[in-house]
>>> print(open('final38.cif').read())   # mmCIF, C-alpha atoms
data_run
loop_
_atom_site.group_PDB
_atom_site.id
_atom_site.type_symbol
_atom_site.label_atom_id
_atom_site.label_comp_id
_atom_site.auth_asym_id
_atom_site.auth_seq_id
_atom_site.Cartn_x
_atom_site.Cartn_y
_atom_site.Cartn_z
ATOM 1 C CA MET A 1 -13.028 3.727 -12.030
ATOM 2 C CA GLU A 2 -13.774 1.444 -9.074
ATOM 3 C CA ALA A 3 -15.942 -0.976 -11.074
ATOM 4 C CA GLU A 4 -13.349 -1.186 -13.863
ATOM 5 C CA LEU A 5 -10.541 -1.674 -11.367
ATOM 6 C CA LYS A 6 -12.465 -4.471 -9.657
ATOM 7 C CA LYS A 7 -13.089 -6.218 -13.016
ATOM 8 C CA ILE A 8 -9.443 -5.991 -14.089
ATOM 9 C CA LEU A 9 -8.152 -7.247 -10.744
ATOM 10 C CA ALA A 10 -10.596 -10.189 -10.814
ATOM 11 C CA ARG A 11 -9.428 -11.213 -14.326
ATOM 12 C CA ARG A 12 -5.662 -10.899 -13.922
ATOM 13 C CA GLU A 13 -3.458 -13.692 -12.669
ATOM 14 C CA LYS A 14 -1.906 -12.692 -9.351
ATOM 15 C CA LYS A 15 1.793 -13.347 -8.791
ATOM 16 C CA HIS A 16 2.289 -15.199 -5.507
ATOM 17 C CA ILE A 17 5.685 -15.293 -3.795
ATOM 18 C CA SER A 18 6.500 -18.231 -1.566
ATOM 19 C CA ASP A 19 9.644 -18.079 0.562
ATOM 20 C CA LYS A 20 9.769 -19.784 3.954
ATOM 21 C CA ARG A 21 12.610 -17.440 5.006
ATOM 22 C CA ARG A 22 10.237 -14.461 4.832
ATOM 23 C CA LEU A 23 7.240 -13.491 6.977
ATOM 24 C CA SER A 24 3.758 -13.192 5.471
ATOM 25 C CA SER A 25 2.262 -9.737 5.732
ATOM 26 C CA ALA A 26 -0.497 -7.732 4.101
ATOM 27 C CA VAL A 27 -1.342 -4.100 3.429
ATOM 28 C CA LEU A 28 -4.512 -2.294 2.518
ATOM 29 C CA ILE A 29 -4.498 0.378 -0.180
ATOM 30 C CA PRO A 30 -7.443 2.602 0.767
ATOM 31 C CA ILE A 31 -8.783 4.624 -2.177
ATOM 32 C CA TYR A 32 -11.475 7.283 -1.984
ATOM 33 C CA GLN A 33 -13.072 9.803 -4.296
ATOM 34 C CA ASP A 34 -13.355 13.475 -3.336
ATOM 35 C CA ALA A 35 -14.654 16.180 -5.677
ATOM 36 C CA GLY A 36 -14.342 13.812 -8.649
ATOM 37 C CA GLU A 37 -10.689 12.964 -7.929
ATOM 38 C CA TYR A 38 -9.378 9.652 -6.628
ATOM 39 C CA ASN A 39 -6.914 9.659 -3.734
ATOM 40 C CA ILE A 40 -4.801 6.999 -2.006
ATOM 41 C CA ILE A 41 -4.147 6.796 1.733
ATOM 42 C CA PHE A 42 -0.593 6.200 2.967
ATOM 43 C CA ILE A 43 0.860 6.402 6.450
ATOM 44 C CA GLN A 44 4.186 7.565 7.793
ATOM 45 C CA ARG A 45 5.381 5.138 10.447
ATOM 46 C CA THR A 46 6.681 6.436 13.763
ATOM 47 C CA MET A 47 10.325 6.137 14.759
ATOM 48 C CA THR A 48 9.307 3.787 17.595
ATOM 49 C CA VAL A 49 7.956 0.876 15.517
ATOM 50 C CA LYS A 50 10.139 -2.222 15.241
ATOM 51 C CA GLU A 51 10.317 -2.290 11.431
ATOM 52 C CA HIS A 52 10.255 0.434 8.756
ATOM 53 C CA LYS A 53 10.857 3.374 11.123
ATOM 54 C CA GLY A 54 9.700 6.685 9.635
ATOM 55 C CA GLN A 55 8.906 5.123 6.266
ATOM 56 C CA ILE A 56 5.909 5.873 4.077
ATOM 57 C CA SER A 57 3.757 2.789 3.607
ATOM 58 C CA PHE A 58 0.238 1.526 3.306
ATOM 59 C CA PRO A 59 -1.477 0.474 6.528
ATOM 60 C CA GLY A 60 -0.660 -3.158 7.226
ATOM 61 C CA GLY A 61 1.597 -5.596 8.982
ATOM 62 C CA THR A 62 2.515 -9.163 9.808
ATOM 63 C CA ARG A 63 -0.035 -11.948 9.682
ATOM 64 C CA ASP A 64 -1.083 -13.113 13.157
ATOM 65 C CA LYS A 65 -1.870 -16.748 13.905
ATOM 66 C CA GLU A 66 -5.489 -15.722 14.579
ATOM 67 C CA ASP A 67 -5.897 -14.174 11.102
ATOM 68 C CA LYS A 68 -7.891 -16.519 8.883
ATOM 69 C CA SER A 69 -6.483 -14.907 5.725
ATOM 70 C CA LEU A 70 -4.095 -12.220 4.550
ATOM 71 C CA LEU A 71 -7.115 -10.037 3.741
ATOM 72 C CA GLU A 72 -8.088 -10.313 7.403
ATOM 73 C CA THR A 73 -4.515 -9.256 8.295
ATOM 74 C CA ALA A 74 -4.757 -6.148 6.095
ATOM 75 C CA LEU A 75 -8.151 -5.187 7.524
ATOM 76 C CA ARG A 76 -7.124 -5.826 11.149
ATOM 77 C CA GLU A 77 -3.904 -3.859 10.773
ATOM 78 C CA SER A 78 -5.722 -0.952 9.072
ATOM 79 C CA GLU A 79 -8.174 -0.826 11.945
ATOM 80 C CA GLU A 80 -5.349 -0.912 14.514
ATOM 81 C CA GLU A 81 -3.130 1.619 12.716
ATOM 82 C CA ILE A 82 -5.536 4.238 11.355
ATOM 83 C CA GLY A 83 -8.944 3.353 12.813
ATOM 84 C CA LEU A 84 -10.414 2.275 9.467
ATOM 85 C CA HIS A 85 -13.342 0.007 10.341
ATOM 86 C CA ARG A 86 -13.518 -3.216 8.334
ATOM 87 C CA LYS A 87 -17.147 -2.546 7.407
ATOM 88 C CA ASP A 88 -16.061 0.708 5.737
ATOM 89 C CA ALA A 89 -13.580 -0.954 3.361
ATOM 90 C CA THR A 90 -15.086 -2.325 0.142
ATOM 91 C CA LEU A 91 -12.641 -4.798 -1.381
ATOM 92 C CA LEU A 92 -11.787 -4.115 -5.027
ATOM 93 C CA GLY A 93 -9.080 -6.750 -5.440
ATOM 94 C CA GLU A 94 -5.555 -7.887 -4.834
ATOM 95 C CA LEU A 95 -2.221 -7.020 -6.429
ATOM 96 C CA ASP A 96 0.901 -9.152 -6.885
ATOM 97 C CA ASP A 97 2.926 -10.089 -3.821
ATOM 98 C CA GLU A 98 6.007 -7.954 -3.228
ATOM 99 C CA ILE A 99 9.093 -8.462 -1.063
ATOM 100 C CA THR A 100 10.664 -5.868 1.180
ATOM 101 C CA THR A 101 14.370 -5.191 0.769
ATOM 102 C CA THR A 102 15.011 -3.600 4.179
ATOM 103 C CA SER A 103 13.279 -6.347 6.157
ATOM 104 C CA ASN A 104 12.174 -9.929 5.737
ATOM 105 C CA PHE A 105 8.579 -9.749 4.490
ATOM 106 C CA ILE A 106 6.388 -10.914 1.644
ATOM 107 C CA VAL A 107 3.668 -8.281 1.309
ATOM 108 C CA THR A 108 0.250 -9.071 -0.123
ATOM 109 C CA PRO A 109 -1.547 -5.826 -1.137
ATOM 110 C CA PHE A 110 -5.340 -5.476 -1.138
ATOM 111 C CA ILE A 111 -7.152 -2.501 -2.663
ATOM 112 C CA ALA A 112 -10.327 -1.161 -1.063
ATOM 113 C CA SER A 113 -12.549 1.821 -1.632
ATOM 114 C CA ILE A 114 -13.509 3.774 1.463
ATOM 115 C CA PRO A 115 -16.179 6.415 2.105
ATOM 116 C CA TRP A 116 -15.179 10.085 2.178
ATOM 117 C CA PRO A 117 -14.909 12.164 4.278
ATOM 118 C CA TYR A 118 -13.531 9.750 6.880
ATOM 119 C CA THR A 119 -12.274 10.371 10.402
ATOM 120 C CA PHE A 120 -9.077 8.368 10.921
ATOM 121 C CA LYS A 121 -7.813 7.566 14.407
ATOM 122 C CA PRO A 122 -4.064 6.939 13.962
ATOM 123 C CA SER A 123 -2.276 4.762 16.513
ATOM 124 C CA LYS A 124 0.162 7.067 18.331
ATOM 125 C CA ALA A 125 2.586 4.162 18.726
ATOM 126 C CA GLU A 126 2.638 3.180 15.053
ATOM 127 C CA VAL A 127 1.539 6.083 12.851
ATOM 128 C CA GLU A 128 3.188 9.505 12.725
ATOM 129 C CA LYS A 129 0.619 10.777 10.211
ATOM 130 C CA VAL A 130 -1.975 9.756 7.638
ATOM 131 C CA ILE A 131 -1.161 11.054 4.155
ATOM 132 C CA SER A 132 -3.620 11.461 1.288
ATOM 133 C CA VAL A 133 -2.111 11.531 -2.203
ATOM 134 C CA PRO A 134 -4.138 12.295 -5.350
ATOM 135 C CA VAL A 135 -3.861 9.552 -7.969
ATOM 136 C CA LYS A 136 -3.460 12.264 -10.604
ATOM 137 C CA ALA A 137 -0.337 13.583 -8.808
ATOM 138 C CA VAL A 138 1.492 10.231 -8.748
ATOM 139 C CA LEU A 139 0.480 9.483 -12.329
ATOM 140 C CA ASP A 140 2.548 12.546 -13.298
ATOM 141 C CA LYS A 141 5.877 11.145 -14.539
ATOM 142 C CA LYS A 142 7.694 14.084 -12.871
ATOM 143 C CA CYS A 143 6.888 12.438 -9.510
ATOM 144 C CA LEU A 144 8.809 9.272 -10.445
ATOM 145 C CA LYS A 145 12.601 9.343 -10.001
ATOM 146 C CA PRO A 146 15.316 6.665 -10.239
ATOM 147 C CA ASP A 147 16.511 5.180 -6.946
ATOM 148 C CA THR A 148 18.505 2.189 -5.693
ATOM 149 C CA GLU A 149 17.789 -0.426 -3.071
ATOM 150 C CA ILE A 150 19.871 -3.146 -1.464
ATOM 151 C CA LEU A 151 18.530 -6.663 -2.056
ATOM 152 C CA GLU A 152 20.403 -9.576 -0.513
ATOM 153 C CA GLY A 153 23.518 -7.410 -0.214
ATOM 154 C CA LYS A 154 23.445 -6.144 -3.814
ATOM 155 C CA LYS A 155 22.458 -2.733 -5.175
ATOM 156 C CA VAL A 156 19.473 -2.962 -7.502
ATOM 157 C CA ALA A 157 17.936 -0.255 -9.676
ATOM 158 C CA SER A 158 14.641 0.981 -8.344
ATOM 159 C CA PHE A 159 12.494 4.125 -8.286
ATOM 160 C CA ALA A 160 10.700 6.394 -5.820
ATOM 161 C CA TYR A 161 7.692 8.702 -5.991
ATOM 162 C CA TYR A 162 8.073 12.263 -4.716
ATOM 163 C CA TYR A 163 4.981 14.200 -3.688
ATOM 164 C CA ARG A 164 5.070 17.432 -1.639
ATOM 165 C CA GLY A 165 8.051 16.400 0.480
ATOM 166 C CA THR A 166 6.881 12.815 0.829
ATOM 167 C CA VAL A 167 9.129 10.090 -0.612
ATOM 168 C CA ILE A 168 7.447 6.782 -1.418
ATOM 169 C CA TRP A 169 10.082 4.120 -2.070
ATOM 170 C CA GLY A 170 10.822 0.419 -1.696
ATOM 171 C CA ALA A 171 8.048 -2.166 -1.716
ATOM 172 C CA THR A 172 5.431 0.574 -1.286
ATOM 173 C CA ALA A 173 6.627 2.313 -4.473
ATOM 174 C CA ARG A 174 6.654 -0.982 -6.390
ATOM 175 C CA ILE A 175 3.109 -1.793 -5.218
ATOM 176 C CA LEU A 176 1.952 1.738 -6.096
ATOM 177 C CA ASN A 177 3.558 1.423 -9.533
ATOM 178 C CA LYS A 178 1.601 -1.764 -10.294
ATOM 179 C CA LEU A 179 -1.633 -0.113 -9.215
ATOM 180 C CA LEU A 180 -0.924 2.983 -11.327
ATOM 181 C CA GLU A 181 -0.224 0.839 -14.418
ATOM 182 C CA ILE A 182 -3.714 -0.655 -14.072
ATOM 183 C CA ILE A 183 -5.299 2.755 -13.454
ATOM 184 C CA GLU A 184 -3.555 4.211 -16.523
ATOM 185 C CA ASN A 185 -5.073 1.449 -18.653
ATOM 186 C CA ILE A 186 -8.528 2.322 -17.296
ATOM 187 C CA THR A 187 -8.246 6.091 -17.647
ATOM 188 C CA GLY A 188 -6.275 6.029 -20.869
#
>>> encode(input="final38.cif", output="structure tokens")
Amino acid sequence: MEAELKKILARREKKHISDKRRLSSAVLIPIYQDAGEYNIIFIQRTMTVKEHKGQISFPGGTRDKEDKSLLETALRESEEEIGLHRKDATLLGELDDEITTTSNFIVTPFIASIPWPYTFKPSKAEVEKVISVPVKAVLDKKCLKPDTEILEGKKVASFAYYYRGTVIWGATARILNKLLEIIENITG
């Protein structure tokens, strides 16, 4: 699946969002294979972080002035948040930019395969826990439920993924949904 995913991501036209009112940020979507099954790594943020307290997300954060690119932001943040070394992340591609509705960010998602098993070292200040979710589980339509979000003061229809007590919503759910659409096309 990784080779096919990389080919598809290289061919598709990425949707960029430009909005000077929003901060540039990036996330990494770590994917690994274990016993023939693909899994995605998420994190639950602590209640002490400035933004997105307690939320489920991908490792990532705001672009620093020192970051040469948004990919560098995603890799740096993943190393800081979960101890994923840059050398262990093999870039597969990039998804469309997404905006957050509860904060002021444009998120650029990068997908990378990682070796497994892997020993994560979560930042106690930023990460409550590292969560591994099988791709097969979130492809199950029973995981996907309608939801609403507030965007610029207005309620908008949305959706959330539910997996074993974990609720994936907001920009993370929208990013996951785009990735799953591509994976469904690969796996049929």
>>> resolve_selection(input="final38.cif", expression="the PyMOL selection byres ((chain A and resi 120) around 7)", output="PyMOL selection string")
chain A and resi 82-84+118-119+121-122
>>> atom_distance(input="final38.cif", atom1="CA of Glu13 (chain A)", atom2="CA of Asp96 (chain A)")
8.5 Å
>>> residues_around(input="final38.cif", residues="Ile41 (chain A)", least_positions_apart="5", cutoff="9 Å", atoms="all atoms listed in the file", output="PyMOL selection string")
chain A and resi 29-32+58-59+130-134
>>> residues_around(input="final38.cif", residues="Gln55 (chain A)", least_positions_apart="5", cutoff="10 Å", atoms="only C-alpha atoms", output="PDB file with C-alpha atoms, in the frame of the given file")
ATOM      1  CA  ILE A  43       0.860   6.402   6.450  1.00  0.00           C
ATOM      2  CA  GLN A  44       4.186   7.565   7.793  1.00  0.00           C
ATOM      3  CA  ARG A  45       5.381   5.138  10.447  1.00  0.00           C
ATOM      4  CA  THR A  46       6.681   6.436  13.763  1.00  0.00           C
ATOM      5  CA  MET A  47      10.325   6.137  14.759  1.00  0.00           C
ATOM      6  CA  VAL A 127       1.539   6.083  12.851  1.00  0.00           C
ATOM      7  CA  GLU A 128       3.188   9.505  12.725  1.00  0.00           C
ATOM      8  CA  THR A 166       6.881  12.815   0.829  1.00  0.00           C
ATOM      9  CA  VAL A 167       9.129  10.090  -0.612  1.00  0.00           C
ATOM     10  CA  ILE A 168       7.447   6.782  -1.418  1.00  0.00           C
ATOM     11  CA  TRP A 169      10.082   4.120  -2.070  1.00  0.00           C
ATOM     12  CA  GLY A 170      10.822   0.419  -1.696  1.00  0.00           C
ATOM     13  CA  THR A 172       5.431   0.574  -1.286  1.00  0.00           C
TER      14      THR A 172
END
>>> atom_distance(input="final38.cif", atom1="CA of Leu151 (chain A)", atom2="CA of Thr101 (chain A)")
5.2 Å
>>> residues_around(input="final38.cif", residues="Pro109 (chain A)", least_positions_apart="4", cutoff="8 Å", atoms="all atoms listed in the file", output="list in words")
Ala26, Val27, Leu28, Ile29, Ala74, Glu94, Leu95, Asp96, Asp97 and Ile175 of chain A
>>> residues_around(input="final38.cif", residues="Leu5 (chain A)", least_positions_apart="3", cutoff="12 Å", atoms="only C-alpha atoms", output="number ranges by chain")
A: 1-2, 8-12, 31, 91-95, 111-113, 179-187
>>> write_last_selection(input="final38.cif", atoms="C-alpha atoms", output="PDB file, keeping the file's coordinate frame")
ATOM      1  CA  MET A   1     -13.028   3.727 -12.030  1.00  0.00           C
ATOM      2  CA  GLU A   2     -13.774   1.444  -9.074  1.00  0.00           C
ATOM      3  CA  ILE A   8      -9.443  -5.991 -14.089  1.00  0.00           C
ATOM      4  CA  LEU A   9      -8.152  -7.247 -10.744  1.00  0.00           C
ATOM      5  CA  ALA A  10     -10.596 -10.189 -10.814  1.00  0.00           C
ATOM      6  CA  ARG A  11      -9.428 -11.213 -14.326  1.00  0.00           C
ATOM      7  CA  ARG A  12      -5.662 -10.899 -13.922  1.00  0.00           C
ATOM      8  CA  ILE A  31      -8.783   4.624  -2.177  1.00  0.00           C
ATOM      9  CA  LEU A  91     -12.641  -4.798  -1.381  1.00  0.00           C
ATOM     10  CA  LEU A  92     -11.787  -4.115  -5.027  1.00  0.00           C
ATOM     11  CA  GLY A  93      -9.080  -6.750  -5.440  1.00  0.00           C
ATOM     12  CA  GLU A  94      -5.555  -7.887  -4.834  1.00  0.00           C
ATOM     13  CA  LEU A  95      -2.221  -7.020  -6.429  1.00  0.00           C
ATOM     14  CA  ILE A 111      -7.152  -2.501  -2.663  1.00  0.00           C
ATOM     15  CA  ALA A 112     -10.327  -1.161  -1.063  1.00  0.00           C
ATOM     16  CA  SER A 113     -12.549   1.821  -1.632  1.00  0.00           C
ATOM     17  CA  LEU A 179      -1.633  -0.113  -9.215  1.00  0.00           C
ATOM     18  CA  LEU A 180      -0.924   2.983 -11.327  1.00  0.00           C
ATOM     19  CA  GLU A 181      -0.224   0.839 -14.418  1.00  0.00           C
ATOM     20  CA  ILE A 182      -3.714  -0.655 -14.072  1.00  0.00           C
ATOM     21  CA  ILE A 183      -5.299   2.755 -13.454  1.00  0.00           C
ATOM     22  CA  GLU A 184      -3.555   4.211 -16.523  1.00  0.00           C
ATOM     23  CA  ASN A 185      -5.073   1.449 -18.653  1.00  0.00           C
ATOM     24  CA  ILE A 186      -8.528   2.322 -17.296  1.00  0.00           C
ATOM     25  CA  THR A 187      -8.246   6.091 -17.647  1.00  0.00           C
TER      26      THR A 187
END
>>> resolve_selection(input="final38.cif", expression="the PyMOL selection byres ((chain A and resi 146) around 8)", output="count of residues only")
8
>>> atom_distance(input="final38.cif", atom1="CA of Glu4 (chain A)", atom2="CA of Glu98 (chain A)")
23.1 Å
>>> closest_residue(input="final38.cif", among="A:Ser69, A:Thr100, A:Ser78, A:Thr62", to="Phe42 (chain A)", atoms="only C-alpha atoms")
A:Ser78
>>> axis_aligned_box(input="final38.cif", around="region 96-112 of chain A", padding_each_side="5 Å", output="JSON")
{"center_x": 2.3, "center_y": -6.0, "center_z": -0.4, "size_x": 35.3, "size_y": 19.8, "size_z": 23.0}
>>> residues_near_point(input="final38.cif", point="(-13.7, -9.7, 7.1)", cutoff="8 Å", atoms="all atoms listed in the file", output="PyMOL selection string")
chain A and resi 71-72+75+86-87
>>> residues_around(input="final38.cif", residues="Cys143 (chain A)", least_positions_apart="6", cutoff="8 Å", atoms="only C-alpha atoms", output="list in words")
Ala137, Tyr161, Tyr162 and Tyr163 of chain A
>>> closest_residue(input="final38.cif", among="A:Ile150, A:Ala125, A:Ala173, A:Ile106", to="Thr48 (chain A)", atoms="all atoms listed in the file")
A:Ala125
>>> resolve_selection(input="final38.cif", expression="the PyMOL selection byres ((chain A and resi 22) around 9)", output="MDAnalysis selection string")
chainID A and resid 18:21 23:24 99 103:106
>>> closest_residue(input="final38.cif", among="A:Val138, A:Lys155, A:Glu51, A:Glu79", to="Ser123 (chain A)", atoms="all atoms listed in the file")
A:Glu79
